[in-house]
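Below is the file coords.cif, which contains mmCIF, C-alpha atoms.
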```
data_run
#
loop_
_atom_site.label_atom_id
_atom_site.label_comp_id
_atom_site.auth_asym_id
_atom_site.auth_seq_id
_atom_site.Cartn_x
_atom_site.Cartn_y
_atom_site.Cartn_z
CA MET A 271 33.03 169.55 142.32
CA THR A 272 33.74 165.86 141.84
CA GLY A 273 32.93 163.60 138.94
CA ASP A 274 33.44 160.07 137.70
CA TYR A 275 33.79 158.88 134.12
CA LEU A 276 34.09 155.51 132.43
CA LEU A 277 35.01 154.50 128.89
CA ASP A 278 35.15 150.94 127.53
CA GLY A 279 36.69 149.91 124.24
CA LEU A 280 39.35 148.16 122.27
CA ALA A 281 42.99 149.17 122.57
CA VAL A 282 43.30 150.38 118.98
CA PRO A 283 44.47 153.77 117.64
CA HIS A 284 40.93 155.05 116.99
CA SER A 285 40.09 154.59 120.67
CA LEU A 286 42.63 157.30 121.51
CA THR A 287 40.27 159.76 119.84
CA LEU A 288 37.52 158.67 122.23
CA LEU A 289 39.84 159.25 125.19
CA HIS A 290 40.68 162.74 123.91
CA ASP A 291 36.96 163.45 123.52
CA LEU A 292 36.26 162.21 127.05
CA LEU A 293 38.91 164.53 128.49
CA GLU A 294 37.48 167.41 126.50
CA GLN A 295 34.11 166.63 128.09
CA VAL A 296 35.74 166.62 131.54
CA GLY A 297 37.04 170.13 130.84
CA THR A 298 33.57 171.30 129.86
CA ASP A 299 31.97 169.70 132.94
CA HIS A 300 34.63 171.02 135.30
CA PRO A 301 35.52 174.62 134.49
CA GLU A 302 37.29 174.78 137.86
CA LEU A 303 40.13 172.65 136.43
CA THR A 304 42.96 174.74 135.02
CA ALA A 305 43.76 174.33 131.35
CA SER A 306 47.29 173.35 132.33
CA ASP A 307 46.26 170.53 134.72
CA LEU A 308 43.86 169.12 132.17
CA MET A 309 46.31 169.42 129.27
CA LEU A 310 49.12 167.69 131.16
CA PHE A 311 46.83 164.95 132.46
CA GLU A 312 45.53 164.37 128.93
CA THR A 313 49.13 164.12 127.74
CA ALA A 314 49.79 161.38 130.29
CA VAL A 315 46.58 159.45 129.58
CA ILE A 316 47.27 159.41 125.84
CA GLU A 317 50.87 158.28 126.36
CA VAL A 318 49.89 155.43 128.67
CA ALA A 319 47.01 154.40 126.40
CA GLY A 320 49.23 154.70 123.33
CA ASN A 321 51.72 152.41 125.03
CA VAL A 322 48.98 149.80 125.52
CA VAL A 323 47.86 150.17 121.88
CA GLU A 324 51.43 149.77 120.68
CA HIS A 325 52.61 146.96 122.94
CA GLY A 326 49.38 145.20 123.96
CA HIS A 327 49.15 141.54 122.98
CA PRO A 328 47.46 140.08 121.06
CA PRO A 329 47.47 143.25 118.88
CA GLY A 330 43.99 144.56 118.06
CA GLU A 331 42.31 142.17 120.48
CA VAL A 332 43.07 143.84 123.79
CA SER A 333 40.08 145.51 125.41
CA TRP A 334 40.34 148.25 128.01
CA THR A 335 38.36 150.23 130.53
CA PHE A 336 39.34 153.76 131.46
CA ARG A 337 38.03 155.22 134.70
CA LEU A 338 38.57 158.83 135.60
CA ALA A 339 37.91 160.44 138.96
CA VAL A 340 37.83 164.21 139.31
CA ARG A 341 38.45 165.08 142.95
CA ALA A 342 38.97 168.36 144.78
CA ASP A 343 42.72 167.81 144.97
CA ARG A 344 43.53 165.52 142.05
CA LEU A 345 42.74 163.86 138.75
CA GLU A 346 43.04 160.09 138.95
CA GLY A 347 42.81 157.81 135.93
CA THR A 348 42.95 154.02 135.80
CA LEU A 349 43.41 152.18 132.55
CA SER A 350 42.72 148.45 132.86
CA ASP A 351 43.46 146.21 129.90
CA SER A 352 43.02 142.54 129.09
CA GLY A 353 46.36 142.11 127.34
CA GLU A 354 49.27 139.92 128.30
CA GLU A 355 51.43 141.14 131.16
CA TYR A 356 53.33 144.33 130.31
CA PRO A 357 56.84 143.13 129.50
CA GLY A 358 58.59 146.49 129.63
CA GLY A 359 59.71 146.43 133.25
CA ALA A 360 60.61 149.59 135.11
CA TRP A 361 60.78 152.97 133.44
CA GLY A 362 62.06 156.31 134.53
CA THR A 363 62.01 159.92 133.54
CA ASP A 364 65.22 159.76 131.50
CA MET A 365 64.51 160.84 127.94
CA PRO A 366 66.13 159.11 124.98
CA ASP A 367 68.69 161.04 122.91
CA THR A 368 67.09 163.90 121.03
CA MET A 369 67.43 162.22 117.63
CA GLU A 370 65.73 158.97 118.71
CA GLU A 371 62.25 158.54 117.22
CA ASP A 372 60.79 156.30 119.95
CA GLY A 373 60.86 155.61 123.66
CA ARG A 374 59.54 158.84 125.19
CA GLY A 375 55.98 157.81 126.07
CA LEU A 376 56.16 156.60 129.65
CA ALA A 377 58.93 159.04 130.56
CA LEU A 378 56.74 161.88 129.34
CA ALA A 379 53.72 160.53 131.24
CA THR A 380 55.81 160.23 134.40
CA ALA A 381 57.06 163.79 134.00
CA VAL A 382 53.55 165.28 134.04
CA LEU A 383 52.08 163.06 136.78
CA ASP A 384 52.60 162.85 140.54
CA SER A 385 52.44 159.09 140.28
CA LEU A 386 52.21 156.43 137.60
CA VAL A 387 51.83 152.87 138.88
CA TYR A 388 51.62 149.64 136.92
CA GLU A 389 50.15 146.52 138.47
CA ARG A 390 49.28 143.09 137.16
CA ALA A 391 46.04 142.08 138.91
CA GLY A 392 45.00 138.55 137.92
CA ASP A 393 44.88 138.66 134.13
CA ILE A 394 44.43 142.42 133.96
CA ASN A 395 47.04 145.15 133.48
CA GLU A 396 46.26 148.22 135.51
CA TRP A 397 47.86 151.62 135.01
CA THR A 398 46.99 154.22 137.64
CA MET A 399 47.77 157.86 136.92
CA VAL A 400 47.47 160.64 139.47
CA ARG A 401 48.01 164.34 138.97
CA ARG A 402 47.55 166.61 141.98
CA LEU A 403 45.82 169.82 141.01
CA THR A 404 47.90 172.97 141.04
CA MET B 108 65.63 186.29 92.85
CA ALA B 109 65.42 182.62 91.90
CA GLU B 110 62.24 180.80 92.83
CA ASP B 111 62.57 178.81 96.03
CA THR B 112 61.76 175.25 95.03
CA ARG B 113 63.25 173.66 98.15
CA THR B 114 60.94 175.13 100.78
CA THR B 115 57.51 173.80 101.64
CA VAL B 116 55.04 174.41 104.45
CA LEU B 117 53.05 171.53 105.96
CA GLN B 118 49.92 172.25 107.98
CA PRO B 119 48.77 169.31 110.08
CA THR B 120 45.47 169.81 111.89
CA GLY B 121 43.92 168.58 115.14
CA ARG B 122 45.70 166.01 117.27
CA LEU B 123 49.11 164.87 116.14
CA ASN B 124 48.97 161.49 117.85
CA MET B 125 49.41 157.83 116.93
CA VAL B 126 46.51 158.15 114.47
CA ALA B 127 47.88 161.13 112.54
CA ALA B 128 51.65 160.87 112.99
CA PRO B 129 52.32 158.25 110.27
CA ALA B 130 50.67 160.46 107.63
CA LEU B 131 52.83 163.44 108.61
CA LYS B 132 55.96 161.29 108.49
CA THR B 133 55.01 160.09 104.98
CA LEU B 134 54.27 163.63 103.78
CA ILE B 135 57.70 164.77 104.95
CA GLU B 136 59.43 161.80 103.28
CA GLU B 137 57.59 162.48 100.01
CA SER B 138 58.49 166.14 100.14
CA VAL B 139 62.18 165.35 100.66
CA ALA B 140 62.06 162.80 97.82
CA GLU B 141 60.72 165.54 95.54
CA GLY B 142 63.60 167.84 96.42
CA ARG B 143 61.68 170.03 98.87
CA ASP B 144 63.95 169.40 101.83
CA ARG B 145 63.42 172.70 103.68
CA ILE B 146 60.21 172.04 105.56
CA VAL B 147 58.27 174.31 107.88
CA VAL B 148 55.62 172.55 109.95
CA ASP B 149 52.92 175.11 110.75
CA PHE B 150 51.27 174.20 114.07
CA THR B 151 48.50 176.82 113.86
CA ASP B 152 45.75 174.18 113.71
CA VAL B 153 47.37 171.53 115.93
CA VAL B 154 45.84 171.23 119.40
CA PHE B 155 47.78 168.27 120.81
CA ILE B 156 50.92 166.24 120.23
CA ASP B 157 52.05 162.94 121.76
CA SER B 158 55.30 160.98 121.56
CA SER B 159 54.23 159.48 118.20
CA GLY B 160 53.93 162.99 116.79
CA LEU B 161 57.33 163.86 118.25
CA GLY B 162 58.74 160.74 116.58
CA ALA B 163 57.40 161.89 113.20
CA LEU B 164 59.06 165.31 113.67
CA ILE B 165 62.40 163.73 114.59
CA ALA B 166 62.17 161.36 111.60
CA GLY B 167 61.47 164.43 109.45
CA LEU B 168 64.35 166.35 110.99
CA LYS B 169 66.73 163.50 110.16
CA ALA B 170 65.38 163.02 106.62
CA THR B 171 65.61 166.73 105.73
CA ARG B 172 69.08 167.15 107.22
CA GLN B 173 70.39 164.06 105.44
CA ALA B 174 69.23 165.69 102.20
CA GLY B 175 71.01 168.95 103.08
CA GLY B 176 67.86 170.74 104.22
CA ASP B 177 66.17 171.24 107.59
CA LEU B 178 62.83 171.00 109.38
CA ARG B 179 61.47 173.92 111.38
CA ILE B 180 58.33 174.48 113.41
CA ALA B 181 56.18 177.60 113.73
CA GLN B 182 53.07 178.88 115.54
CA VAL B 183 53.55 176.29 118.26
CA PRO B 184 50.72 176.05 120.83
CA GLU B 185 51.26 175.68 124.56
CA GLN B 186 50.74 171.92 124.89
CA VAL B 187 53.21 171.23 122.09
CA MET B 188 55.76 173.67 123.55
CA THR B 189 55.44 172.05 126.98
CA VAL B 190 55.93 168.56 125.57
CA LEU B 191 58.96 169.70 123.54
CA ARG B 192 60.51 171.15 126.69
CA LEU B 193 59.80 168.08 128.84
CA THR B 194 61.39 165.79 126.26
CA ASN B 195 64.36 168.15 125.63
CA LEU B 196 63.40 168.35 121.97
CA ASP B 197 63.24 172.15 122.17
CA ARG B 198 67.03 171.85 121.85
CA VAL B 199 66.77 170.50 118.29
CA LEU B 200 63.39 171.89 117.22
CA ARG B 201 63.40 175.61 117.91
CA ALA B 202 59.93 177.11 117.74
CA HIS B 203 59.58 180.04 115.35
CA ARG B 204 56.90 182.63 116.01
CA THR B 205 55.51 182.65 112.47
CA VAL B 206 55.87 180.61 109.29
CA ALA B 207 57.51 183.67 107.68
CA ASP B 208 60.10 183.79 110.48
CA ALA B 209 60.87 180.12 109.93
CA SER B 210 61.06 180.32 106.15
CA HIS B 211 64.31 182.20 105.52
CA ASP B 212 68.03 181.97 106.33
CA TRP B 213 68.17 178.20 105.88
#
```
Would it be possible to restate this file's structure as structure tokens?
Amino acid sequence: MTGDYLLDGLAVPHSLTLLHDLLEQVGTDHPELTASDLMLFETAVIEVAGNVVEHGHPPGEVSWTFRLAVRADRLEGTLSDSGEEYPGGAWGTDMPDTMEEDGRGLALATAVLDSLVYERAGDINEWTMVRRLT
Amino acid sequence: MAEDTRTTVLQPTGRLNMVAAPALKTLIEESVAEGRDRIVVDFTDVVFIDSSGLGALIAGLKATRQAGGDLRIAQVPEQVMTVLRLTNLDRVLRAHRTVADASHDW
């Protein structure tokens, strides 16, 4: 079964709750998805969105649109935001030292996805997240 | 046996994300400031953690250890355990089966 979802809002901490709720709804609508696939995809979505909340400029004024496609073979999410270009550059899967408090978000997202791509399209930041279903 | 005034159990609930993590970090700091530097975080009612939540735990681990105590975790659900493993934090935050298991032999 396939499905498409869309959520608009501001890139502020409270909006993360709405993303969690949306993913909970996806789980209800699609009982064929394994708990593990959904849980790991949710982990990635919240990390990428949290990164936009934390680093998006101007703070509190960035709006976003999250689109989610449930397909037979994958979950695909796209988070588009109106903030200034993401300044962070490349990232990898290397985790910071265990006693560091920050810097794990995108590495964690990358670890649970098959692909995480960032693109600057016009004046929009676009993060595309794909997890192939197990 | 003398009363244990150094141990406390914290029970966050729901999603330990960017919204909730600062409050947990503050609770831990207050506890340490009051001399309760042996902290067990009971995950029974936590359904999700993100890197902000992990950051609060690491901040708590450092604060308790600097005071001569420690921070331990118990009743850890699957999502939290997976995230701890993926970030290598299972090396410094060993999951205890129950709060009772975590609360002795400091």
What's around Gly373 of chain A at 10 Å? Count only C-alpha atoms, leave out sequence neighbours fewer than 2 positions away in its own chain, and write the answer as a list in words.
Asn321, Asp364, Met365, Pro366, Asp367, Glu370, Glu371, Gly375, Leu376, Ala377 and Leu378 of chain A; Ser158, Ser159 and Gly162 of chain B
Do me a favour and pick out the residues of chain A within 12 Å of chain B, using all atoms listed in the file, as JSON, numbers by chain.
{"A": [282, 283, 284, 285, 286, 287, 288, 289, 290, 291, 294, 305, 306, 307, 308, 309, 310, 311, 312, 313, 314, 315, 316, 317, 318, 319, 320, 321, 322, 323, 324, 363, 364, 365, 366, 367, 368, 369, 370, 371, 372, 373, 374, 375, 376, 377, 378, 379, 380, 381, 382]}
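Minimum distance to Arg172 of chain B across B:Lys132, B:His211, B:Arg145, B:Arg201 (counting only C-alpha atoms) occurs at B:Arg145.
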Close residues, Asp149 of chain B itself excluded, 7 Å, all atoms listed in the file, min 5 positions apart in chain, as a ChimeraX atom specification:
/B:116-118,180-182,206
For Asn395 of chain A, the nearest of the candidates A:Phe336, A:Ala360, A:Asp351, A:Leu277, counting only C-alpha atoms:
A:Asp351
Please determine the residues with any atom at most 10 Å from (65.0, 170.8, 104.8) (coordinates as given in the file, with all atoms listed in the file counting) and report them as a PyMOL selection string.
chain B and resi 113-115+135+138-139+142-147+167-179+213
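For the file at hand, the PyMOL selection byres ((chain A and resi 280) around 7) resolves to Gly279, Ala281, Val282, Ser285, Glu331, Val332, Ser333 and Trp334 of chain A.
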Can you sort out segment 160-195 of chain B so it carries N, CA and C atoms, written as an mmCIF file, in the coordinates of the input?
```cif
data_model
loop_
_atom_site.group_PDB
_atom_site.id
_atom_site.type_symbol
_atom_site.label_atom_id
_atom_site.label_comp_id
_atom_site.auth_asym_id
_atom_site.auth_seq_id
_atom_site.Cartn_x
_atom_site.Cartn_y
_atom_site.Cartn_z
ATOM 1 N N GLY B 160 53.770 161.769 117.573
ATOM 2 C CA GLY B 160 53.930 162.990 116.790
ATOM 3 C C GLY B 160 55.362 163.512 116.870
ATOM 4 N N LEU B 161 55.931 163.445 118.082
ATOM 5 C CA LEU B 161 57.330 163.860 118.250
ATOM 6 C C LEU B 161 58.237 162.983 117.394
ATOM 7 N N GLY B 162 57.941 161.681 117.371
ATOM 8 C CA GLY B 162 58.740 160.740 116.580
ATOM 9 C C GLY B 162 58.707 161.094 115.101
ATOM 10 N N ALA B 163 57.519 161.505 114.609
ATOM 11 C CA ALA B 163 57.400 161.890 113.200
ATOM 12 C C ALA B 163 58.232 163.135 112.914
ATOM 13 N N LEU B 164 58.256 164.088 113.864
ATOM 14 C CA LEU B 164 59.060 165.310 113.670
ATOM 15 C C LEU B 164 60.552 164.987 113.647
ATOM 16 N N ILE B 165 60.975 164.092 114.551
ATOM 17 C CA ILE B 165 62.400 163.730 114.590
ATOM 18 C C ILE B 165 62.787 162.968 113.315
ATOM 19 N N ALA B 166 61.909 162.077 112.864
ATOM 20 C CA ALA B 166 62.170 161.360 111.600
ATOM 21 C C ALA B 166 62.303 162.380 110.468
ATOM 22 N N GLY B 167 61.437 163.384 110.474
ATOM 23 C CA GLY B 167 61.470 164.430 109.450
ATOM 24 C C GLY B 167 62.730 165.279 109.542
ATOM 25 N N LEU B 168 63.129 165.564 110.771
ATOM 26 C CA LEU B 168 64.350 166.350 110.990
ATOM 27 C C LEU B 168 65.557 165.606 110.402
ATOM 28 N N LYS B 169 65.608 164.300 110.665
ATOM 29 C CA LYS B 169 66.730 163.500 110.160
ATOM 30 C C LYS B 169 66.699 163.411 108.639
ATOM 31 N N ALA B 170 65.496 163.184 108.085
ATOM 32 C CA ALA B 170 65.380 163.020 106.620
ATOM 33 C C ALA B 170 65.758 164.308 105.895
ATOM 34 N N THR B 171 65.288 165.456 106.399
ATOM 35 C CA THR B 171 65.610 166.730 105.730
ATOM 36 C C THR B 171 67.096 167.048 105.851
ATOM 37 N N ARG B 172 67.664 166.813 107.023
ATOM 38 C CA ARG B 172 69.080 167.150 107.220
ATOM 39 C C ARG B 172 69.992 166.241 106.390
ATOM 40 N N GLN B 173 69.588 164.979 106.266
ATOM 41 C CA GLN B 173 70.390 164.060 105.440
ATOM 42 C C GLN B 173 70.402 164.528 103.992
ATOM 43 N N ALA B 174 69.325 165.206 103.580
ATOM 44 C CA ALA B 174 69.230 165.690 102.200
ATOM 45 C C ALA B 174 69.866 167.082 102.047
ATOM 46 N N GLY B 175 70.392 167.621 103.143
ATOM 47 C CA GLY B 175 71.010 168.950 103.080
ATOM 48 C C GLY B 175 70.045 170.067 103.436
ATOM 49 N N GLY B 176 68.839 169.730 103.848
ATOM 50 C CA GLY B 176 67.860 170.740 104.220
ATOM 51 C C GLY B 176 67.676 170.801 105.724
ATOM 52 N N ASP B 177 66.455 171.148 106.156
ATOM 53 C CA ASP B 177 66.170 171.240 107.590
ATOM 54 C C ASP B 177 64.661 171.191 107.784
ATOM 55 N N LEU B 178 64.259 170.963 109.042
ATOM 56 C CA LEU B 178 62.830 171.000 109.380
ATOM 57 C C LEU B 178 62.672 171.990 110.534
ATOM 58 N N ARG B 179 61.706 172.904 110.355
ATOM 59 C CA ARG B 179 61.470 173.920 111.380
ATOM 60 C C ARG B 179 60.001 173.919 111.779
ATOM 61 N N ILE B 180 59.722 174.442 112.947
ATOM 62 C CA ILE B 180 58.330 174.480 113.410
ATOM 63 C C ILE B 180 57.937 175.920 113.726
ATOM 64 N N ALA B 181 56.661 176.238 113.508
ATOM 65 C CA ALA B 181 56.180 177.600 113.730
ATOM 66 C C ALA B 181 54.781 177.588 114.319
ATOM 67 N N GLN B 182 54.417 178.691 114.960
ATOM 68 C CA GLN B 182 53.070 178.880 115.540
ATOM 69 C C GLN B 182 52.742 177.746 116.522
ATOM 70 N N VAL B 183 53.673 177.470 117.409
ATOM 71 C CA VAL B 183 53.550 176.290 118.260
ATOM 72 C C VAL B 183 52.668 176.573 119.481
ATOM 73 N N PRO B 184 51.594 175.810 119.682
ATOM 74 C CA PRO B 184 50.720 176.050 120.830
ATOM 75 C C PRO B 184 51.327 175.558 122.128
ATOM 76 N N GLU B 185 50.668 175.905 123.243
ATOM 77 C CA GLU B 185 51.260 175.680 124.560
ATOM 78 C C GLU B 185 51.511 174.203 124.868
ATOM 79 N N GLN B 186 50.546 173.341 124.557
ATOM 80 C CA GLN B 186 50.740 171.920 124.890
ATOM 81 C C GLN B 186 51.956 171.365 124.156
ATOM 82 N N VAL B 187 52.092 171.733 122.887
ATOM 83 C CA VAL B 187 53.210 171.230 122.090
ATOM 84 C C VAL B 187 54.537 171.770 122.655
ATOM 85 N N MET B 188 54.533 173.054 123.010
ATOM 86 C CA MET B 188 55.760 173.670 123.550
ATOM 87 C C MET B 188 56.159 172.980 124.860
ATOM 88 N N THR B 189 55.164 172.707 125.702
ATOM 89 C CA THR B 189 55.440 172.050 126.980
ATOM 90 C C THR B 189 56.040 170.664 126.765
ATOM 91 N N VAL B 190 55.457 169.917 125.840
ATOM 92 C CA VAL B 190 55.930 168.560 125.570
ATOM 93 C C VAL B 190 57.348 168.601 124.962
ATOM 94 N N LEU B 191 57.606 169.564 124.107
ATOM 95 C CA LEU B 191 58.960 169.700 123.540
ATOM 96 C C LEU B 191 59.976 169.969 124.646
ATOM 97 N N ARG B 192 59.604 170.831 125.592
ATOM 98 C CA ARG B 192 60.510 171.150 126.690
ATOM 99 C C ARG B 192 60.758 169.934 127.580
ATOM 100 N N LEU B 193 59.675 169.231 127.934
ATOM 101 C CA LEU B 193 59.800 168.080 128.840
ATOM 102 C C LEU B 193 60.632 166.962 128.242
ATOM 103 N N THR B 194 60.640 166.864 126.916
ATOM 104 C CA THR B 194 61.390 165.790 126.260
ATOM 105 C C THR B 194 62.752 166.284 125.742
ATOM 106 N N ASN B 195 63.091 167.524 126.057
ATOM 107 C CA ASN B 195 64.360 168.150 125.630
ATOM 108 C C ASN B 195 64.441 168.395 124.127
#
```
